[in-house]
Amino acid sequence: TQLLEQSPQFLSIQEGENLTVYCNSSSVFSSLQWYRQEPGEGPVLLVTVVTGGEVKKLKRLTFQFGDARKDSSLHITAAQTGDTGLYLCAGANNQGGKLIFGQGTELSVKP
Amino acid sequence: DTGVSQDPRHKITKRGQNVTFRCDPISEHNRLYWYRQTLGQGPEFLTYFQNEAQLEKSRLLSDRFSAERPKGSFSTLEIQRTEQGDSAMYLCASGTSGNTDTQYFGPGTRLTVL
């Protein structure tokens, strides 16, 4: 069974601080996606990473896919209150594309 | 591109009743997925379709659950004889085969079983 361990589960920081969220597995994924979810809404896609070692940037967010395609990280620089939300990583196994999700990281950015 | 839509957004039902949810995917997407999410957890895969064919079902999908995608466009998820444990957010996503498996999610249907 493929599992994705996401850490930390909860994170409360002050506006302007930096943070990193980790997503780890013993399994290899063909691609990995990061989503952000607001309460009562569906997950919104932030990025898809496909190649081992790949780094993608989305404004203040930096995403990295591990060389072995088993892990990923999301780094946020100078967090803002608008970054508050649930961050989810999800891996695809190249067999139909169903996603295996981590438990999520609940981020709270305080002014 | 109008995105993935789901209907209804909220459903409250009594235990033992049947409920049906609808998902309309992004029009050019041939794959459609159903997931279930409970509070404090990430979504869990239930089933997926490629065009009208249902290609995989999770063990989570008991015989009270059935999903269809008759014309390869919209899909329905029916739960028969609902139980309190069925209370969750039901999420639909769509994507294209062979395209990095990126999936786009709808807003979800929140089911509450009393």
# chains A, B, ... in the order shown; residues from 1 in each chain; ligands from 1
$ interface_residues --of "chain A" --to "chain B" --cutoff "8 Å" --atoms "only C-alpha atoms" --output "list in words"
Ser30, Ser31, Gln33, Gly40, Glu41, Gly42, Pro43, Val44, Leu45, Thr48, Val50, Leu88, Ala92, Asn94, Gly96, Gly97, Lys98, Leu99, Ile100, Phe101, Gly102, Gln103 and Gly104 of chain A
$ write_last_selection --atoms "N, CA and C atoms" --output "short mmCIF file (atom, residue, chain, number, x, y, z; two decimals), in the first residue's frame"
data_model
loop_
_atom_site.label_atom_id
_atom_site.label_comp_id
_atom_site.auth_asym_id
_atom_site.auth_seq_id
_atom_site.Cartn_x
_atom_site.Cartn_y
_atom_site.Cartn_z
N SER A 30 4.98 8.66 -10.09
CA SER A 30 5.23 9.17 -11.44
C SER A 30 5.10 10.70 -11.48
N SER A 31 4.28 11.24 -10.60
CA SER A 31 4.16 12.70 -10.47
C SER A 31 3.64 13.00 -9.08
N GLN A 33 1.57 16.16 -6.87
CA GLN A 33 0.84 17.42 -6.96
C GLN A 33 0.64 18.02 -5.58
N GLY A 40 -14.67 23.78 3.46
CA GLY A 40 -15.90 23.63 2.70
C GLY A 40 -15.75 23.68 1.20
N GLU A 41 -14.52 23.71 0.71
CA GLU A 41 -14.28 23.78 -0.73
C GLU A 41 -13.41 22.61 -1.18
N GLY A 42 -13.33 22.41 -2.49
CA GLY A 42 -12.47 21.38 -3.01
C GLY A 42 -11.02 21.84 -3.09
N PRO A 43 -10.07 20.91 -3.19
CA PRO A 43 -8.66 21.30 -3.31
C PRO A 43 -8.41 22.04 -4.62
N VAL A 44 -7.56 23.05 -4.56
CA VAL A 44 -7.18 23.82 -5.74
C VAL A 44 -5.73 23.50 -6.06
N LEU A 45 -5.49 23.12 -7.31
CA LEU A 45 -4.15 22.73 -7.73
C LEU A 45 -3.18 23.91 -7.67
N THR A 48 2.19 20.71 -10.32
CA THR A 48 2.50 19.31 -10.56
C THR A 48 4.00 19.21 -10.85
N VAL A 50 7.07 16.42 -11.94
CA VAL A 50 7.14 15.14 -12.64
C VAL A 50 8.55 14.54 -12.62
N LEU A 88 -2.14 20.15 0.80
CA LEU A 88 -2.16 18.71 0.58
C LEU A 88 -1.18 18.32 -0.50
N ALA A 92 0.79 10.39 -7.73
CA ALA A 92 0.15 9.53 -8.72
C ALA A 92 1.08 8.37 -9.03
N ASN A 94 0.99 6.31 -11.83
CA ASN A 94 1.11 5.95 -13.24
C ASN A 94 0.32 4.71 -13.63
N GLY A 96 -3.34 4.54 -13.97
CA GLY A 96 -4.70 5.09 -13.95
C GLY A 96 -4.75 6.47 -13.36
N GLY A 97 -3.68 6.83 -12.65
CA GLY A 97 -3.59 8.20 -12.18
C GLY A 97 -4.31 8.52 -10.91
N LYS A 98 -4.84 7.52 -10.17
CA LYS A 98 -5.50 7.86 -8.91
C LYS A 98 -4.45 8.47 -7.99
N LEU A 99 -4.87 9.42 -7.20
CA LEU A 99 -3.96 10.13 -6.32
C LEU A 99 -4.00 9.54 -4.91
N ILE A 100 -2.80 9.43 -4.33
CA ILE A 100 -2.64 9.06 -2.93
C ILE A 100 -2.31 10.35 -2.19
N PHE A 101 -3.14 10.73 -1.23
CA PHE A 101 -2.96 12.00 -0.54
C PHE A 101 -2.27 11.83 0.80
N GLY A 102 -1.50 12.86 1.17
CA GLY A 102 -1.02 12.97 2.53
C GLY A 102 -2.16 13.45 3.43
N GLN A 103 -1.89 13.51 4.74
CA GLN A 103 -2.94 13.89 5.70
C GLN A 103 -3.22 15.39 5.67
N GLY A 104 -2.32 16.15 5.06
CA GLY A 104 -2.52 17.59 5.00
C GLY A 104 -1.76 18.33 6.08
#
$ residues_around --residues "Leu4 of chain A" --least-positions-apart "4" --cutoff "9 Å" --atoms "only C-alpha atoms" --output "PyMOL selection string"
chain A and resi 23-27+70-71+89-91+100-103
$ closest_residue --among "A:Leu74, A:Pro39, A:Ala79, A:Phe29" --to "Val55 of chain A" --atoms "only C-alpha atoms"
A:Leu74
$ residues_around --residues "Arg69 of chain B" --least-positions-apart "5" --cutoff "10 Å" --atoms "only C-alpha atoms" --output "compact mmCIF listing (two decimals) with N, CA, C and O atoms, in the first residue's frame"
# COMPACT_ATOMS: atom_id res chain seq x y z
N ARG B 22 -24.09 14.41 -8.32
CA ARG B 22 -23.72 14.54 -9.72
C ARG B 22 -22.42 15.31 -9.84
O ARG B 22 -22.15 16.24 -9.07
N CYS B 23 -21.62 14.93 -10.84
CA CYS B 23 -20.38 15.64 -11.14
C CYS B 23 -20.31 15.91 -12.64
O CYS B 23 -20.49 14.99 -13.45
N LEU B 32 -12.46 10.74 -14.95
CA LEU B 32 -13.25 11.32 -13.87
C LEU B 32 -13.05 10.47 -12.62
O LEU B 32 -13.12 9.24 -12.69
N TYR B 48 -12.67 5.48 -10.37
CA TYR B 48 -12.45 6.39 -11.48
C TYR B 48 -12.92 5.78 -12.80
O TYR B 48 -13.03 4.55 -12.94
N PHE B 49 -13.22 6.66 -13.72
CA PHE B 49 -13.69 6.30 -15.06
C PHE B 49 -12.72 6.85 -16.10
O PHE B 49 -12.19 7.96 -15.94
N GLN B 50 -12.55 6.09 -17.14
CA GLN B 50 -11.92 6.63 -18.35
C GLN B 50 -12.99 6.52 -19.43
O GLN B 50 -13.41 5.40 -19.78
N ASN B 51 -13.42 7.65 -19.92
CA ASN B 51 -14.62 7.72 -20.75
C ASN B 51 -15.78 7.12 -19.96
O ASN B 51 -15.99 7.51 -18.82
N GLU B 52 -16.49 6.14 -20.53
CA GLU B 52 -17.63 5.59 -19.78
C GLU B 52 -17.27 4.34 -18.97
O GLU B 52 -18.09 3.82 -18.22
N ALA B 53 -16.04 3.87 -19.10
CA ALA B 53 -15.63 2.64 -18.43
C ALA B 53 -15.12 2.92 -17.01
O ALA B 53 -14.23 3.76 -16.82
N GLN B 54 -15.68 2.17 -16.05
CA GLN B 54 -15.21 2.28 -14.67
C GLN B 54 -14.02 1.33 -14.53
O GLN B 54 -14.18 0.10 -14.56
N PHE B 74 -20.88 13.48 -17.74
CA PHE B 74 -21.12 13.64 -16.31
C PHE B 74 -21.14 12.27 -15.63
O PHE B 74 -21.27 11.22 -16.28
N SER B 75 -21.02 12.29 -14.31
CA SER B 75 -21.05 11.06 -13.53
C SER B 75 -21.99 11.24 -12.34
O SER B 75 -22.21 12.37 -11.88
N THR B 76 -22.53 10.13 -11.87
CA THR B 76 -23.33 10.15 -10.64
C THR B 76 -22.75 9.14 -9.67
O THR B 76 -22.21 8.10 -10.05
N LEU B 77 -22.84 9.50 -8.40
CA LEU B 77 -22.45 8.61 -7.30
C LEU B 77 -23.66 8.43 -6.41
O LEU B 77 -24.20 9.41 -5.90
$ atom_distance --atom1 "atom CA of Glu17 of chain A" --atom2 "atom CA of Leu107 of chain A"
12.1 Å
$ closest_residue --among "A:Leu61, A:Ser72, A:Glu54, A:Gln80" --to "Ser7 of chain A" --atoms "only C-alpha atoms"
A:Ser72
$ residues_around --residues "segment 82-88 of chain B" --least-positions-apart "3" --cutoff "9 Å" --atoms "only C-alpha atoms" --output "list in words"
Thr13, Lys14, Arg15, Gly16, Gln17, Asn18, Val19, Arg36, Gln37, Thr38, Leu39, Arg64, Ile79, Thr109, Arg110, Leu111, Thr112, Val113 and Leu114 of chain B
$ select_by_dssp --residues "chain B" --states "strand (DSSP E)" --output "PyMOL selection string"
chain B and resi 5-7+10-13+19-24+31-37+44-50+53-57+65-68+75-79+88-95+104-105+109-113
